[in-house]
Each structure stands twice: as structure tokens, then as C-alpha cells.
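Report on one structure; see the data block that follows.
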Amino acid sequence: MAYNHQEIEKKWQDRWETSGIFHAKDGSEKQKFYCLIEFPYPSGAGLHIGHPRSYTALDVVSRKRRHQGYNVLYPIGWDAFGLPTENYAIKTGRKPQDITRENTDTFRRQLKSLGLSFDWSREVNTIDPAYYKWTQWMFLEFFKAGLAYKTKQPINWCLSCKIGLANEEVINGKCERCGGNTEKRDKEQWMIAITKYADRLLEDLETVDYLEKIKTQQRNWIGKSEGAEIKFPIPLLSKEGLGEVADIEVFTTRPDTIFGATFLVVSPEVAQKWIEVGWDASESVREYIAVSLKREEMDRTAEGKEKTGVDTGVVAINPANGKEIPVWIADYVLGGYGTGAIMAVPQHDERDRAFAESFDLPIVDEPLVPFDEAVAKVGGRKKTNYKLRDWVFSRQRYWGEPIPLVHCDVCSPETGGWISVPDDQLPVVLPEVDKYEPTDTGESPLAAITDWVNTTCPICGGPARRETDTMPNWAGSSWYFLRYIDAHNDKEFASQDKLSYWMPIDLYNGGMEHTTLHLLYSRFWNKFLFDRGHVPTSEPYARRHSHGLVLAQDGTKMSKSKGNVVNPDEIVRDYGADSLRMYILFMGPFEEPVPWSLNGLIGVRRFLDKVERYVSAWDESKIPLLSKEGLGEVAGIVERSLKKISDDIESFKFNTAVSTFMSLFNEIVDNVVTREQLKKILVVLGPFAPHLANECWEKIGENGLVEEQTWPVFDARLLVQEEIEMGVQVNGKARATIQISPTADETTAKQLALAQEKVQKHLDGKEIVNVVYVPGRILNIVVK
RNA sequence: GCCGCGGUGGCGGAAUUGGUAGACGCGCAGGACUCAAAAUCCUGUAUGGGCAACCAUGUGAGGGUUCGAUUCCCUCCCGCGGCACCA
């Protein structure tokens with residue numbers, strides 16, 4: 001390899017560090033640019049080769065913006081609470097705090113070795129009490145606003161993590177984190193009322209620039225549907241044995257089809273409630289309910305379209321036409337959505353039809369009535385439902401932020417005895433424990449530390465108990481971007497002045513897997529803070545992009561068990577950070593998953609060596625007279641290439657930006673460019689291969705850092721090509737090329753084309769019936 | 001099942017959004033340099049035919065629109081991602 005990457009990378013990294021050139025400036029007059037990557041979870045495995053994909057891409061954008069004169073904030077930190085560390089602590093008997101410190105040290109070293117232009121002076125860590133003080137403070141804001149509430153309700157319980165999960169964390173009935181089975185359990189949980197924000201989370205998607213697929217996923221997840229709730233009365237005669245059950249309310253998005261409703265279906269959950277209020281159901285009905293309820297969510301969907309159900313014997317009256325219709329129980333109706341009961345219209349709904357056919361229920365074809373008219377006629381009311389559920393916010397685990405509440409048996413009955421820890425007592429510091437094991441009773445290990453749990457009531461001073469649940473790791477990551485803005489402020493989470501200057505985030509990149517978790521939670525969190533007057537913008541992220549996975553060489557996911565993990569340390573050591581940076585951008589379209597290829601990386605390294613050789617051999621005195629003033633063909637090539645690279649950065653086409661660099665050097669390798677041209681090239685190369693660009697900059701005798709130079713302004717005259725090679729077609733088939741000005745007229749083009757032997761050959765003996773000429777693009781001669 | 005994205009050489013992928021398909025890189029083959037190797041450089045590399053110039057075919061399959069289609073429309077096949085009995 002031609003240049004010593006280890007030497008020069010160390011050299012320039014040290015220069016960047018001592019110069020503080022990547023520090024964002026507070027109180028600057030300049031226009032700001034806030035560029036954000038999802039801060040990593042510092043796992044024991046170290047940096048994954050996929051991390052640099054996102055980080056390098058945004059590093060390129062950040063660096064370009066600095067060249068363009070922006071005051072750039074490109075920060076970094078650690079999302080360090082979470083289960084893997086806790087589980088590792090249990091396994092090894094070590095403290096999660098110590099493990100985390102080691103892991104963050106590793107990550108920090110690895111990230112620095114890549115030459116990323118992070119502002120390290122603003123590093124944050126969610127496990128730092130100075131940080132989670134504000135996470136707790138924000139939780140109390142939710143609590144004070146009535147949006148955090150404790151309730152006993154069925155939640156998703158992961159059997160192996162022994163932890164309650166939010167809906168978003170359960171994938172096909174499996175735990176999102178460990179892949180283990182989940183079941184429904186009734187537990188007291190802190191909830192945050194994200195559903196109150198469902199409409200705004202949905203509507204405000206219109207105001208932000210996210211990739212369309214991200215918006216679509218969020219819309220689906222929120223799952224708004226507009227319909228009506230309609231009561232189906234139960235005739236007096238039929239009421240016997242029903243206890244307190246009065247009528248059946250259903251939710252439907254199609255009240256216009258109500259004349260076709262030939263039966264009702266209630267969910268097992270609703271049926272169970274009927275029994276609780278005195279319904280004297282038959283043995284077989286009771287059994288069906290019991291079996292359905294026991295089945296986990298997963299089974300209920302796993303059986304697909306095979307529908308089960310049981311007739312209740314109860315009848316209801318269709319309020320539209322007064323007809324008596326039977327009421328069934330079936331588990332294809334979900335207890336947790338709408339009213340837990342539906343009107344079945346087999347004529348218009350596939351599922352209802354399937355059910356009707358299985359159980360021989362009537363299917364009738366009745367005319368539709370206008371939506372509003374139908375609702376009014378049957379005394380229903382319009383209702384909007386969402387699939388989005390409130391956010392399960394407590395975890396019965398150690399390694400998270402303590403929920404800063406105490407319970408007093410005497411005070412504050414309106415909140416169930418729960419009282420905020422006063423601001424001056426924040427943070428509630430996570431106490432050290434001996435055992436991190438979760439308990440099967442579902443209590444956090446914190447519950448065992450009696451001298452921590454037992455405290456005094458902030459109101460009456462009497463005995464009180466601390467909440468022992470901790471927060472999910474989505475808490476700290478819901479607002480970290482705000483803390484970067486004022487990372488060392490010990491009076492506020494960030495000052496209003498700085499927030500006003502820096503927010504919103506101009507560009508945020510992360511994984512698609514966070515679209516319905518982190519991205520939705522943090523939008524909600526920010527909106528809430530906005531409503532409380534704590535942040536200046538309703539939406540935190542003006543633009544959101546996402547990157548594809550870096551796969552193993554064979555196209556599968558990298559995994560330790562398969563032994564196909566690429567270690568970034570080895571790549572940086574053997575081929576250099578610049579090679580890794582440029583290769584990872586070059587390997588494929590940014591949003592697509594791409595397999596890793598060591599040979600591909602080596603190819604990029606060859607290119608960098610070529611650049612280094614070119615610059616080393618560059619000698620101004622050898623510039624041919626003609627191009628001394630920076631004119632001529634080479635000048636155009638340089639100008640157009642750099643312009644294209646500059647544009648590609650804006651549209652996230654980093655792969656073609658890199659290939660344009662390669663083409664550019666292929667073209668100039670036998671020419672000597674002028675000093676001004678070479679300087680431009682090095683400035684544009686800087687964001688991609690910053691170490692080498694600086695080394696070359698120094699080599700040609702320029703002062704200062706590449707990072708201090710302004711982005712080139714492209715000369716419009718050089719961007720237009722005087723003459724291009726244009727294709728000539730005969731009957732739509734390419735037959736020849738001509739050298740022609742892109743603005744030449746048709747007569748000229750035709751003359752040039754007809755002078756071509758190859759064209760003549762295909763015209764021979766034929767009659768020209770048409771000529772299509774698109775200047776600068778194509779000339780097509782149509783013959784018969 | 002529904003929604004979204006995609007299918008291009010041996011491989012990763014380009015194609016100014018309707019205008020010479022295969023840029024750039026990898027791999028492979030041949031050559032130069034070398035005692036030799038590595039590195040580097042040069043040449044070639046979609047497929048079929050031909051020594052060659054060249055000819056024909058070609059962007060998952062089939063059809064259509066057009067002077068011209070990888071790009072637009074219709075039907076179908078396959079892959080990936082998301083949602084999944086949400087009434």
C-alpha cells in the first residue's frame with residue numbers, strides 16, 4: 001500500500017482534536033445545521049460494521065455544511081440503559097455501570113478512529129445521573145399533566161426477560177429483544193397516554209420531510225379509522241338471564257351497510273365481562289370463552305382464517321330495520337379494539353362472510369344508505385378509533401431510570417397515593433444492588449432494597465414507599481437530541497435560547513426498525529414538551545432518512561453465531577479509516593441492504609492510493625500551456641465531476657458520488673491539473689476521505705486544514721460541455737455517434753449523421769419518413 | 001391477504017427520470033515490469049456468431065403505448081420490508 005494510513009490518520013485526528021474544529025458554536029451569528037444520528041447502544045460486541053454506514057453518510061453532510069459556512073452540530077452519545085447489559089451483569093456478576101463504562105470506552109475509541117467529525121465536547125450518556133435527572137423531571141411533567149397513570153391491565157409479558165413490554169416491542173407474539181414467547185398478564189403498570197396525541201402525530205407528518213415509507217409505517221401504526229358506535233338493543237323477552245347486560249354497542253366504519261347486518265359478534269373479553277355482571281351463560285359458551293382467553297395473542301392469529309365461535313342464544317335488534325339477529329361470540333373480534341363487539345355484514349366484509357359461511361348464518365344483499373343518514377337513523381354517534389395503544393412505561397428491571405414517584409397511604413388519593421419526588425430531590429439515583437435477577441413475582445430487584453424503598457412522603461412527612469419500577473430504555477432516547485444542545489447545563493435540561501437556535505434537527509438518520517418505536521415515541525415526547533412550553537418546535541425532526549443494513553458477504557445478516565461478523569477495528573488497522581468510509585458509501589444505494597465485500601474495500605483503497613500517487617507526482621510546472629489558466633477540457637471534467645458529487649451528497653447518492661471521484665481520477669490521471677483545480681478536488685474529497693485529503697493538502701504546500709476551506713462554487717461556463725458525443729439511431733437502433741454541440745440545430749445534426757458510413761449503410765435503399773431530434777440527447781432517423 | 005419497495009453481466013451496482021443499457025468497482029483473462037513474487041501499469045471482459053470490421057439478441061415473463069421503453073400502462077411470476085381477523 002502506497003501511503004501509511006496509520007500514521008496519517010493519527011496525525012490528522014490529533015490536529016482535529018487540538019483545533020476543536022468540530023465543536024459547534026453557541027451564540028453564533030451563522031446559520032445552524034443540526035445533523036443527528038441515532039446514538040448507539042454500547043453493546044459488549046463493540047461497534048458493528050453497520051454503524052459507520054449511517055455515521056459516515058451524515059459525517060459527509062456535516063462536513064460539507066461546515067465548508068458551506070454553517071455552524072454545524074453533529075453530536076454523539078450513548079443510549080446505555082437496557083437489557084443486554086443487565087443480562088450480562090447477571091451472568092458475570094459484575095456491575096452494569098462498570099460494563100457500560102468499558103463498552104463506551106471501546107465505542108468511543110472505535111468511533112474516533114473513523115475520523116467522524118462529532119462534537120465530542122457534548123457527549124451524553126443516558127445512565128449519567130446528571131442526564132437522567134432530566135428524564136425523571138420530564139416523566140414528572142407527564143405525571144403532572146395527567147398523562148402518566150398507573151393501571152392494572154393486561155400487558156405483554158416476556159417469559160424469558162421477565163419484563164412487561166409495550167405493544168411496539170412485541171413482534172408476532174415474540175419479544176422484540178430476545179425473541180422469546182410472550183403472554184398476556186394483568187399487571188400494575190405506569191402508562192403514558194400517547195393516544196391523546198394520535199391525531200397530531202398523524203397530521204403533523206404532513207409538515208415534515210421523511211422518506212415516504214417512514215410516513216406510511218407511522219400512519220399504519222397509528223391506524224386511525226373513522227366510523228360510528230351504534231347500540232343494538234336486546235329485546236325484553238331475550239333479557240332473561242343476562243344480568244345487567246342492557247344492550248350491545250358495536251364500532252363500525254361502515255354504518256352505511258347496517259341493513260345488511262345479519263348478526264352480531266362479541267369478543268371473548270366482552271363476553272367474560274357479561275358473565276361478571278350476571279350473565280347466566282351455558283356451559284359450552286363458558287368453555288369457549290375460557291379457552292379463547294387463555295390462548296395467547298400469538299395463537300389467536302397463528303391459526304389464520306379458520307374461524308371459531310359459539311352462539312350465545314341471545315338475540316339483538318338491528319336498529320335499522322327492527323329485525324332480530326343472533327349474537328355470537330368469536331375470537332376474531334378483538335377485545336381491545338373499538339367496543340370489542342361488531343355488527344357482522346357478510347355481504348360487505350370478508351371476515352364476516354367467512355364466519356357466516358362456516359356457521360350457516362344469513363347473508364343478505366341490502367342497499368347502502370348514506371353514512372351520516374345511517375348513523376342518525378339508528379341513534380349512533382361518530383367515533384374515531386386508533387390502533388395505537390398507550391405506552392407501557394414501566395419495567396420490572398434494575399437497569400433503567402428509577403421512576404421518581406413515592407406512594408403515600410395518606411396523601412393524594414386523587415392520584416392513587418402517588419406523589420412526585422420534588423425537583424430539588426432529583427435525580428432519584430439508581431441504588432447499587434447485589435443481585436440483578438428479575439423476580440418471577442414481577443417485581444423489580446429494587447424492591448428488595450428496603451432502605452431505599454422506604455422513604456418519607458414529600459407532603460406529610462409520614463412513611464412512604466418509592467416506586468420500584470424503572471423506565472423503558474426508550475425514555476432516555478426520547479429526548480437526547482435536546483440535551484446535546486446544552487449538554488452541561490445543570491439548571492435546565494437545556495436553555496431556551498439554545499433550544500430556539502438549534503431546533504429543529506435538520507437531518508436525522510436511523511434504522512427503519514425504529515420507525516414505530518423510538519421515532520414515534522420521541523416525536524410524541526417532543527410534542528408534549530412543546531405543549532408545556534419547554535421546547536420551541538412541535539416536531540423535532542425536519543428531515544428523516546434511513547439506511548440499509550450491512551449484510552455479511554453471503555448476503556445474510558451478520559451474526560456472532562455464524563461467525564461472519566466484520567470487525568471495524570481490523571479494517572481500520574489494515575486498510576485505513578478513509579478506505580472504510582469511502583467503501584461503505586460506495587457499496588450500494590444508501591437505503592438498501594448491501595453485502596459486505598472485502599475485495600470491494602480493497603478496490604477503494606487502490607483508488608485512494610492512486611489519489612495519493614497523483615498528488616505526490618503533481619508538479620505545477622508540468623501543466624501544459626493551454627490549460628495554465630484552468631481552461632480546456634480537463635477543467636470542464638473537474639468542474640462537472642465535483643458538481644455532480646456535491647449534488648449527490650444532497651440526494652444521499654453517496655455511491656455514485658464515490659464512483660464519480662473514481663471516474664474523475666481516471667480522466668485526469670494523465671493530465672496535470674492546476675493548483676486551483678487540485679485544491680477544489682481535495683476540498684470535495686475531504687468529507688469522504690478526510691485524513692488523506694488533509695495529507696495531500698499539506699503535500700502540495702497549502703496551509704491550514706482542509707476543513708477550513710470553503711466549498712467550491714462551480715463555474716457555470718465550465719459546467720456546459722461545448723461538444724458531446726451523441727447517439728444516432730436508425731429506426732430506434734443505435735447505429736453511430738456524432739460529435740456535436742448540445743445546442744446544435746437539426747440541420748447540422750442531420751448533416752453530421754448522414755455523413756456517417758454506418759448510418760448510410762442502414763439508410764441504403766430506404767426512404768426517410770421522419771427525423772426525431774432532441775438536442776443534446778438523440779437523433780433518430782426513421783426509414784421505410 | 002393488504003400496503004410499500006424491488007427484479008439489469010460471473011458479483012455489488014450505474015443510467016441525466018422516455019433518448020447510445022451495463023458508468024464505477026470487484027472478479028476473471030492476456031500482456032508489460034521483475035531472477036521471481038507482490039505492488040503497479042496496459043488491454044480485453046453482457047450473450048450468440050465471426051480472425052475482424054460487423055450482425056443479431058438482451059434489463060424477471062407476456063402484451064401494449066411511442067420515432068424510441070430498464071424507465072410509462074395492463075396481466076402474471078419471484079424476492080425483500082412493514083402490517084396482519086383493527087370491523
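We label chains A, B, ... in the order they appear in the C-alpha cells, count residues from 1 in each chain, and number ligands from 1 in the order shown.
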
Using only C-alpha atoms (C1' of nucleotides), which residues sit within 12 Å of range 646-651 of chain A once same-chain residues fewer than 5 positions away are excluded, as a PyMOL selection string? chain A and resi 56-65+67-68+211+507+545+585+589-591+639-641+656-661+680-681+683-688+711-714

Compile the contact shell of range 63-73 of chain B as a PyMOL selection string: residues with an atom at most 8 Å away, counting only C-alpha atoms (C1' of nucleotides), same-chain residues fewer than 6 positions apart removed. (chain A and resi 731-732+770-772+780-782) or (chain B and resi 8+17-19+21)

Give me the residues near range 89-92 of chain A as a PyMOL selection string, where near means some atom within 8 Å (using only C-alpha atoms (C1' of nucleotides)) and where sequence neighbours in that chain fewer than 3 positions away do not count. chain A and resi 85-86+95-96+99+435-437

Per-residue DSSP, range 78-271 of chain A, filtered to strand (DSSP E), as a ChimeraX atom specification: /A:78,124-125,148-158,163-165,170-171,174-175,182-192,209-210,225-233,247-252,263-266

From B:U34, B:U59, B:U47, B:U40, residue lying nearest chain A [only C-alpha atoms (C1' of nucleotides)]: B:U40

Rows by chain and residue number, chain B within 6 Å of chain A, shortest pair, only C-alpha atoms (C1' of nucleotides), as CSV:
residue,atom,partner,partner_atom,distance
B:G19,C1',A:Ile778,CA,5.4
B:U20,C1',A:Gly727,CA,4.6
B:C24,C1',A:Ser659,CA,4.6
B:C26,C1',A:Gly600,CA,5.6
B:G68,C1',A:Gly732,CA,5.0
B:C85,C1',A:Tyr332,CA,5.0
B:A87,C1',A:Thr252,CA,5.7
